[in-house]
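Source file start-v5.txt; content: compact mmCIF, C-alpha atoms.
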# COMPACT_ATOMS: atom_id res chain seq x y z
CA MET A 188 89.47 27.32 -60.55
CA LYS A 189 92.62 29.35 -59.89
CA MET A 190 92.81 31.09 -56.53
CA THR A 191 92.83 34.90 -56.62
CA GLU A 192 95.35 37.07 -54.81
CA LEU A 193 92.66 38.33 -52.41
CA GLU A 194 91.76 34.74 -51.49
CA ARG A 195 95.43 33.96 -50.83
CA GLU A 196 95.58 37.06 -48.61
CA ASP A 197 92.54 35.86 -46.63
CA ILE A 198 94.10 32.43 -46.07
CA ALA A 199 97.41 33.95 -44.95
CA LEU A 200 95.62 36.37 -42.62
CA VAL A 201 93.85 33.54 -40.79
CA ALA A 202 96.85 31.20 -40.81
CA GLU A 203 99.08 33.84 -39.19
CA LEU A 204 96.73 34.93 -36.42
CA PRO A 205 98.40 34.74 -32.96
CA TYR A 206 96.75 31.47 -31.95
CA GLN A 207 98.11 28.44 -30.10
CA TRP A 208 98.68 26.66 -33.42
CA GLU A 209 101.19 24.33 -31.79
CA LYS A 210 98.23 22.37 -30.41
CA LEU A 211 97.60 21.19 -33.99
CA ASP A 212 101.20 20.42 -34.92
CA ASN A 213 101.68 16.79 -36.03
CA LYS A 214 97.96 16.13 -35.54
CA VAL A 215 95.22 14.69 -37.78
CA ILE A 216 92.04 16.73 -38.30
CA MET A 217 88.97 15.08 -39.82
CA ILE A 218 86.50 17.47 -41.46
CA SER A 219 83.04 16.47 -42.65
CA GLY A 220 82.00 18.73 -45.50
CA GLY A 221 85.70 19.16 -46.19
CA THR A 222 85.17 20.22 -49.81
CA GLY A 223 82.50 22.78 -48.89
CA PHE A 224 82.97 26.54 -48.66
CA ILE A 225 84.14 26.61 -45.05
CA GLY A 226 85.78 23.18 -44.99
CA SER A 227 87.97 23.86 -48.02
CA PHE A 228 89.03 27.22 -46.53
CA ILE A 229 90.12 25.47 -43.34
CA ALA A 230 92.07 22.91 -45.38
CA ASP A 231 93.80 25.77 -47.25
CA VAL A 232 94.73 27.42 -43.94
CA ILE A 233 96.19 24.14 -42.67
CA GLN A 234 98.20 23.67 -45.87
CA TYR A 235 99.53 27.23 -45.51
CA ARG A 236 100.63 26.41 -41.95
CA ASN A 237 102.30 23.22 -43.16
CA LYS A 238 104.16 24.98 -45.95
CA LYS A 239 105.31 28.07 -44.04
CA PHE A 240 105.69 26.73 -40.50
CA SER A 241 106.30 22.97 -41.09
CA SER A 242 103.32 22.19 -38.85
CA ASN A 243 102.86 18.67 -40.27
CA ILE A 244 99.07 18.74 -39.82
CA LYS A 245 97.10 16.19 -41.83
CA VAL A 246 93.52 16.84 -42.98
CA VAL A 247 91.10 13.97 -43.61
CA SER A 248 88.28 15.44 -45.68
CA LEU A 249 84.93 13.64 -45.86
CA SER A 250 82.49 14.55 -48.62
CA ARG A 251 79.94 13.02 -50.99
CA ARG A 252 82.22 13.69 -53.94
CA GLY A 253 85.62 12.79 -52.56
CA GLY A 254 88.42 14.33 -54.59
CA LYS A 255 92.15 14.15 -55.19
CA SER A 256 94.44 13.59 -52.23
CA ASN A 257 97.97 14.78 -51.54
CA ALA A 258 100.59 14.24 -48.85
CA MET A 259 98.74 16.34 -46.27
CA VAL A 260 95.09 16.14 -47.37
CA GLU A 261 93.27 12.81 -47.67
CA ASN A 262 89.98 13.24 -49.54
CA LEU A 263 87.50 10.43 -48.90
CA LYS A 264 84.14 9.84 -50.57
CA VAL A 265 81.91 9.08 -47.59
CA ASP A 266 78.21 9.06 -46.77
CA ILE A 267 78.25 10.27 -43.19
CA THR A 268 74.66 9.15 -42.61
CA THR A 269 76.10 5.62 -42.35
CA PRO A 270 78.65 4.42 -39.73
CA ILE A 271 82.11 5.77 -40.49
CA ILE A 272 85.10 3.45 -40.59
CA TYR A 273 88.58 4.95 -40.58
CA ASP A 274 91.67 2.92 -39.72
CA GLY A 275 94.09 5.78 -39.12
CA LYS A 276 94.75 8.13 -36.24
CA ILE A 277 92.39 11.08 -35.62
CA ASP A 278 93.06 13.88 -33.12
CA TYR A 279 90.26 16.35 -33.92
CA ILE A 280 86.91 16.09 -35.72
CA LEU A 281 84.99 19.03 -37.21
CA HIS A 282 81.40 18.37 -38.28
CA LEU A 283 80.63 20.95 -40.98
CA ALA A 284 78.61 18.88 -43.45
CA SER A 285 75.06 20.10 -44.05
CA ASN A 286 72.63 21.49 -46.57
CA THR A 287 72.97 25.20 -45.87
CA HIS A 288 70.64 27.22 -48.08
CA PRO A 289 66.92 27.57 -48.85
CA LYS A 290 66.80 25.67 -52.14
CA GLN A 291 68.40 22.65 -50.47
CA TYR A 292 65.98 22.86 -47.53
CA ALA A 293 63.04 22.89 -49.97
CA GLU A 294 64.28 20.16 -52.32
CA ASP A 295 65.83 17.83 -49.75
CA PRO A 296 64.30 18.41 -46.29
CA VAL A 297 64.93 14.78 -45.26
CA GLY A 298 68.57 14.91 -46.33
CA THR A 299 68.96 18.18 -44.49
CA ILE A 300 67.98 16.48 -41.24
CA THR A 301 69.79 13.17 -41.73
CA THR A 302 73.11 14.68 -42.84
CA ASN A 303 73.14 16.81 -39.71
CA VAL A 304 71.78 14.41 -37.10
CA LEU A 305 72.89 10.97 -38.32
CA GLY A 306 76.16 12.46 -39.50
CA CYS A 307 76.73 14.07 -36.11
CA ASN A 308 75.97 10.83 -34.27
CA ASN A 309 78.26 8.77 -36.51
CA LEU A 310 81.11 11.25 -36.16
CA LEU A 311 80.67 11.46 -32.40
CA ALA A 312 80.74 7.65 -32.24
CA LEU A 313 84.02 7.76 -34.20
CA ALA A 314 85.32 10.44 -31.85
CA LYS A 315 84.52 8.15 -28.92
CA GLU A 316 86.19 5.17 -30.61
CA LYS A 317 89.34 7.14 -31.49
CA ASN A 318 89.47 9.01 -28.18
CA VAL A 319 89.92 12.31 -30.02
CA LYS A 320 91.17 15.40 -28.26
CA ARG A 321 88.14 17.47 -29.29
CA PHE A 322 84.99 17.36 -31.44
CA LEU A 323 83.67 20.62 -32.93
CA LEU A 324 80.13 21.07 -34.21
CA ALA A 325 79.30 23.84 -36.67
CA SER A 326 75.83 24.91 -35.54
CA SER A 327 73.87 27.93 -36.70
CA VAL A 328 72.10 31.17 -35.81
CA GLU A 329 68.99 29.29 -36.98
CA ILE A 330 68.81 27.42 -33.66
CA TYR A 331 67.60 30.66 -32.06
CA GLY A 332 64.36 30.55 -34.04
CA GLN A 333 62.54 33.79 -34.79
CA GLY A 334 64.88 35.86 -32.67
CA THR A 335 64.46 39.23 -31.00
CA GLU A 336 65.44 42.83 -31.69
CA ILE A 337 68.11 42.47 -29.02
CA PRO A 338 71.29 40.55 -30.03
CA MET A 339 70.98 36.97 -28.76
CA ASN A 340 73.56 35.46 -26.46
CA GLU A 341 74.23 31.74 -26.08
CA LYS A 342 71.62 31.33 -23.30
CA TYR A 343 68.72 32.44 -25.50
CA CYS A 344 66.38 29.79 -26.93
CA GLY A 345 63.69 31.13 -29.26
CA TYR A 346 60.50 29.89 -30.87
CA ILE A 347 60.62 27.46 -33.80
CA ASP A 348 57.49 26.13 -35.53
CA CYS A 349 58.48 22.45 -35.67
CA ASN A 350 55.40 21.60 -37.79
CA SER A 351 57.14 22.75 -40.97
CA ALA A 352 59.65 21.12 -43.32
CA ARG A 353 61.64 24.40 -43.32
CA SER A 354 62.26 23.96 -39.60
CA GLY A 355 64.12 20.68 -40.23
CA TYR A 356 67.44 22.51 -40.45
CA ASN A 357 66.85 24.48 -37.24
CA GLU A 358 65.67 21.45 -35.27
CA ALA A 359 68.47 19.26 -36.65
CA LYS A 360 71.08 21.72 -35.44
CA ARG A 361 69.43 21.81 -32.00
CA THR A 362 69.48 18.00 -31.89
CA CYS A 363 73.15 17.94 -32.90
CA GLU A 364 73.97 20.28 -30.04
CA ALA A 365 72.11 17.99 -27.64
CA LEU A 366 74.00 14.98 -29.04
CA CYS A 367 77.31 16.74 -28.35
CA GLN A 368 76.31 17.38 -24.74
CA SER A 369 75.08 13.78 -24.40
CA TYR A 370 78.31 12.22 -25.74
CA MET A 371 80.30 14.47 -23.44
CA GLN A 372 78.26 13.47 -20.39
CA GLN A 373 77.89 9.76 -21.19
CA TYR A 374 81.20 9.00 -22.93
CA SER A 375 83.50 11.90 -21.94
CA VAL A 376 83.94 13.07 -25.54
CA GLU A 377 85.20 16.65 -25.33
CA THR A 378 82.98 18.84 -27.52
CA VAL A 379 82.67 22.51 -28.47
CA ILE A 380 80.03 24.26 -30.58
CA VAL A 381 80.17 27.28 -32.88
CA ARG A 382 76.88 28.96 -33.80
CA LEU A 383 77.64 30.62 -37.09
CA ALA A 384 75.89 33.72 -38.41
CA ARG A 385 74.89 33.79 -42.08
CA ILE A 386 78.17 33.16 -43.89
CA PHE A 387 79.04 35.00 -47.08
CA GLY A 388 82.01 35.27 -49.38
CA ALA A 389 83.17 34.35 -52.86
CA ASP A 390 81.98 30.75 -52.89
CA LYS A 391 82.86 28.78 -56.02
CA LYS A 392 79.52 26.96 -55.91
CA LYS A 393 76.05 28.33 -56.64
CA ASP A 394 74.17 29.28 -53.49
CA THR A 395 70.56 30.39 -52.97
CA LYS A 396 71.06 32.36 -49.75
CA ALA A 397 69.97 35.98 -50.08
CA MET A 398 73.42 37.60 -49.93
CA SER A 399 74.73 35.12 -52.52
CA GLN A 400 71.85 35.86 -54.88
CA PHE A 401 72.41 39.60 -54.47
CA MET A 402 76.12 39.22 -55.22
CA ASP A 403 75.49 36.96 -58.21
CA LYS A 404 73.20 39.56 -59.76
CA ALA A 405 75.65 42.41 -59.11
CA VAL A 406 78.66 40.55 -60.51
CA ASN A 407 76.69 39.78 -63.67
CA GLY A 408 75.70 43.43 -64.04
CA GLU A 409 72.02 42.89 -63.26
CA ASP A 410 69.64 44.66 -60.89
CA ILE A 411 69.23 42.89 -57.54
CA VAL A 412 65.83 41.30 -56.91
CA LEU A 413 64.62 41.43 -53.29
CA LYS A 414 61.63 39.20 -52.52
CA SER A 415 60.65 40.93 -49.28
CA LYS A 416 60.50 44.51 -47.98
CA GLY A 417 64.07 44.05 -46.75
CA ASN A 418 63.35 45.12 -43.17
CA GLN A 419 65.00 42.04 -41.65
CA LYS A 420 68.07 42.54 -39.49
CA TYR A 421 70.47 39.60 -39.47
CA SER A 422 74.02 38.93 -38.36
CA TYR A 423 76.49 38.01 -41.08
CA CYS A 424 80.04 36.72 -41.13
CA TYR A 425 82.67 36.91 -43.86
CA VAL A 426 84.04 33.43 -44.53
CA ALA A 427 87.56 34.24 -43.31
CA ASP A 428 86.15 35.40 -39.97
CA ALA A 429 83.97 32.29 -39.74
CA VAL A 430 87.05 30.09 -40.21
CA SER A 431 89.16 32.05 -37.72
CA GLY A 432 86.31 31.74 -35.19
CA ILE A 433 86.02 27.99 -35.72
CA ILE A 434 89.75 27.49 -35.25
CA LYS A 435 89.82 29.72 -32.15
CA VAL A 436 87.01 27.75 -30.49
CA LEU A 437 88.65 24.45 -31.47
CA LEU A 438 91.87 25.58 -29.78
CA ASP A 439 90.66 27.60 -26.82
CA GLY A 440 86.93 27.14 -26.32
CA VAL A 441 85.72 25.64 -23.05
CA SER A 442 84.56 22.05 -23.44
CA GLY A 443 80.77 21.76 -23.54
CA GLU A 444 80.27 25.44 -24.41
CA ALA A 445 78.66 27.05 -27.46
CA TYR A 446 80.01 30.26 -29.02
CA ASN A 447 78.33 32.69 -31.40
CA VAL A 448 80.53 33.63 -34.39
CA SER A 449 79.62 36.78 -36.31
CA ASP A 450 81.00 40.02 -37.64
CA GLU A 451 80.00 43.17 -35.76
CA ASP A 452 76.45 44.39 -36.46
CA GLU A 453 76.52 47.51 -38.66
CA GLY A 454 72.85 48.29 -38.03
CA ILE A 455 71.95 47.72 -41.68
CA THR A 456 68.83 45.88 -42.82
CA LEU A 457 68.77 43.12 -45.45
CA GLY A 458 67.48 45.72 -47.91
CA GLY A 459 70.33 48.02 -46.93
CA TYR A 460 72.89 45.33 -47.74
CA ALA A 461 71.14 44.68 -51.05
CA GLU A 462 71.47 48.40 -51.82
CA TYR A 463 75.14 48.32 -50.80
CA ILE A 464 75.90 45.40 -53.12
CA ALA A 465 73.93 46.99 -55.95
CA ASP A 466 75.98 50.18 -55.56
CA LEU A 467 79.19 48.17 -56.02
CA ALA A 468 77.98 47.33 -59.53
CA ASN A 469 76.20 50.63 -60.23
CA LYS A 470 72.87 48.79 -60.36
CA LYS A 471 69.63 49.11 -58.39
CA VAL A 472 67.38 46.95 -56.17
CA VAL A 473 64.04 45.75 -57.55
CA TYR A 474 61.42 44.62 -55.00
CA GLN A 475 59.32 41.57 -55.94
CA LEU A 476 57.41 40.54 -52.81
CA GLU A 477 56.42 36.89 -52.45
CA ASP A 478 55.47 34.39 -49.74
CA ASN A 479 58.00 31.56 -49.79
CA ASP A 480 57.92 28.75 -47.23
CA SER A 481 61.58 27.89 -47.85
CA VAL A 482 62.78 31.24 -46.48
CA SER A 483 63.56 31.92 -42.83
CA LYS A 484 60.64 33.48 -40.93
CA ALA A 485 62.99 35.31 -38.58
CA THR A 486 62.73 39.10 -38.75
CA TYR A 487 65.61 39.62 -36.34
CA ALA A 488 68.58 37.27 -35.97
CA LEU A 489 71.37 39.28 -34.43
CA LEU A 490 74.13 37.52 -32.49
CA ASP A 491 75.86 38.72 -29.34
CA ILE A 492 79.58 37.84 -29.69
CA GLU A 493 80.86 38.94 -26.27
CA LYS A 494 81.43 35.33 -25.15
CA ILE A 495 83.85 34.42 -27.97
CA LYS A 496 85.62 37.75 -27.55
CA LYS A 497 86.45 36.71 -23.98
CA ILE A 498 88.59 33.83 -25.31
CA GLY A 499 90.50 36.24 -27.56
CA TRP A 500 88.65 36.20 -30.89
CA ASN A 501 87.72 39.31 -32.83
CA PRO A 502 86.49 39.61 -36.43
CA GLN A 503 89.07 40.93 -38.88
CA PHE A 504 86.50 42.29 -41.34
CA THR A 505 83.42 44.49 -41.33
CA ILE A 506 80.40 43.12 -43.19
CA SER A 507 80.54 45.89 -45.80
CA GLY A 508 84.28 45.35 -46.16
CA GLY A 509 83.76 41.62 -46.67
CA LEU A 510 81.06 42.29 -49.26
CA THR A 511 83.37 44.63 -51.18
CA ARG A 512 86.11 42.01 -51.02
CA SER A 513 83.75 39.27 -52.22
CA PHE A 514 82.65 41.42 -55.14
CA ARG A 515 86.27 42.05 -56.15
CA ILE A 516 87.10 38.33 -55.98
CA TYR A 517 84.10 37.41 -58.12
CA LYS A 518 84.96 40.10 -60.68
CA THR A 519 88.57 38.84 -60.83
CA ARG A 520 87.32 35.37 -61.69
CA ILE A 521 85.29 36.55 -64.68
If you convert what's in this file into structure tokens, what do you get?
Amino acid sequence: MKMTELEREDIALVAELPYQWEKLDNKVIMISGGTGFIGSFIADVIQYRNKKFSSNIKVVSLSRRGGKSNAMVENLKVDITTPIIYDGKIDYILHLASNTHPKQYAEDPVGTITTNVLGCNNLLALAKEKNVKRFLLASSVEIYGQGTEIPMNEKYCGYIDCNSARSGYNEAKRTCEALCQSYMQQYSVETVIVRLARIFGADKKKDTKAMSQFMDKAVNGEDIVLKSKGNQKYSYCYVADAVSGIIKVLLDGVSGEAYNVSDEDEGITLGGYAEYIADLANKKVVYQLEDNDSVSKATYALLDIEKIKKIGWNPQFTISGGLTRSFRIYKTRI
């Protein structure tokens, strides 16, 4: 699928942020989930840096599907739940691979856990073997459990009902974070963690997360269906901001620390965002209440981002601005 002008602008915006990019020059970055929404965006940013600034950064992308390789991106078909063998040099590892939306949690709860936990352990073992400079784990707002009305900082640890298949994702991310700390303590593997808010943007793949379903309906000129009262308040992050946050923590985060990554809270409920997206398409929101075990039980999941701001990161987009941008990208593709 051809990249739109707005997508190229997003990649350039991230790639030209005033970061210490020289730390990545002439290095090799391995990314699990490298063909996913976030992983492919990071690879595009790296290729932009290589083309414009001659950074000579190589990406090794691990995914279940593999893909075509070029001079600076090596796409490997790998099952990360098994030990990973790689003969070349690796300087940084980013563990992004995971089932990330409700339908996947419901249809493959075992795979959701094993891809996260076994994958994390195998990649950390490779990081130890290769003596990498830094290992980054993409964790999630879901580790905070049901949350509170007050934005949660990195010290908060909320309630999760572990006696539920839906909690497999939450608990797997918590275990991955503990594995990072354990490899750092026992084997001196330098690790950093990003706890991502709910990511949205113009993904090329079908997604069952709420914002993605809303956008899909709007782009196709249909009314948006909301399966709850829409009173939930969540933090969200436009994909370009998620990627810039990941790269900032990789470069400047303190080893062993976790950082929340989110756009600023606009005080809008889930229903409010549904209404906003519907307005973009001149459609309306239809409420069809149902009890679904695959959906998050959190009513509040707002992230405090003061910690990551202290290392020099700030979101470049508002949530509403990112939604408008996503809508425009989708409409351009039609």
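Residue nearest Leu281 (chain A), chosen from A:Ile433, A:Ile498, A:Val297, A:Met259 and counting only C-alpha atoms: A:Ile433.
Note that CA of Cys367 (chain A) and CA of Ser250 (chain A) are 21.0 Å apart.
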Ranking A:Leu383, A:Leu311, A:Val260, A:Ile218 by minimum distance to Lys245 (chain A) and counting only C-alpha atoms, which one comes first? A:Val260
Give me, as a ChimeraX atom specification, all polymer residues having an atom no more than 7 Å from region 221-225 of chain A, counting only C-alpha atoms and skipping those fewer than 3 positions away in the same chain. /A:218,228-229,248-250,390,426,430
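Distance-wise, CA of Asn501 (chain A) and CA of Tyr487 (chain A) end up 22.4 Å apart.
Of the residues listed (A:Lys342, A:Val201, A:Val406, A:Pro270), A:Val201 shows the shortest atom-to-atom separation from Tyr235 (chain A); distances use all atoms listed in the file.
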What lies within 8 Å of Asn340 (chain A) using all atoms listed in the file, ignoring chain neighbours under 6 positions off, as a list in words? Asn447, Leu490, Asp491, Ile492 and Lys494 of chain A
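When only C-alpha atoms are used to compute distances to Cys424 (chain A), the closest of the residues A:Ile337, A:Ile216, A:Leu510, A:Ile271 turns out to be A:Leu510.
You can rank A:Ser415, A:Thr511, A:Ser442, A:Asn213 by their closest distance to Gln475 (chain A) using all atoms listed in the file, and at the top of that list sits A:Ser415.
In this model, the gap between CA of Gly332 (chain A) and CA of Gln291 (chain A) comes to 18.7 Å.
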All residues 10 Å or closer to Ala384 (chain A), only C-alpha atoms, same chain fewer than 6 positions away omitted, as a ChimeraX atom specification: /A:326-329,421-425,429,447-450,488-490
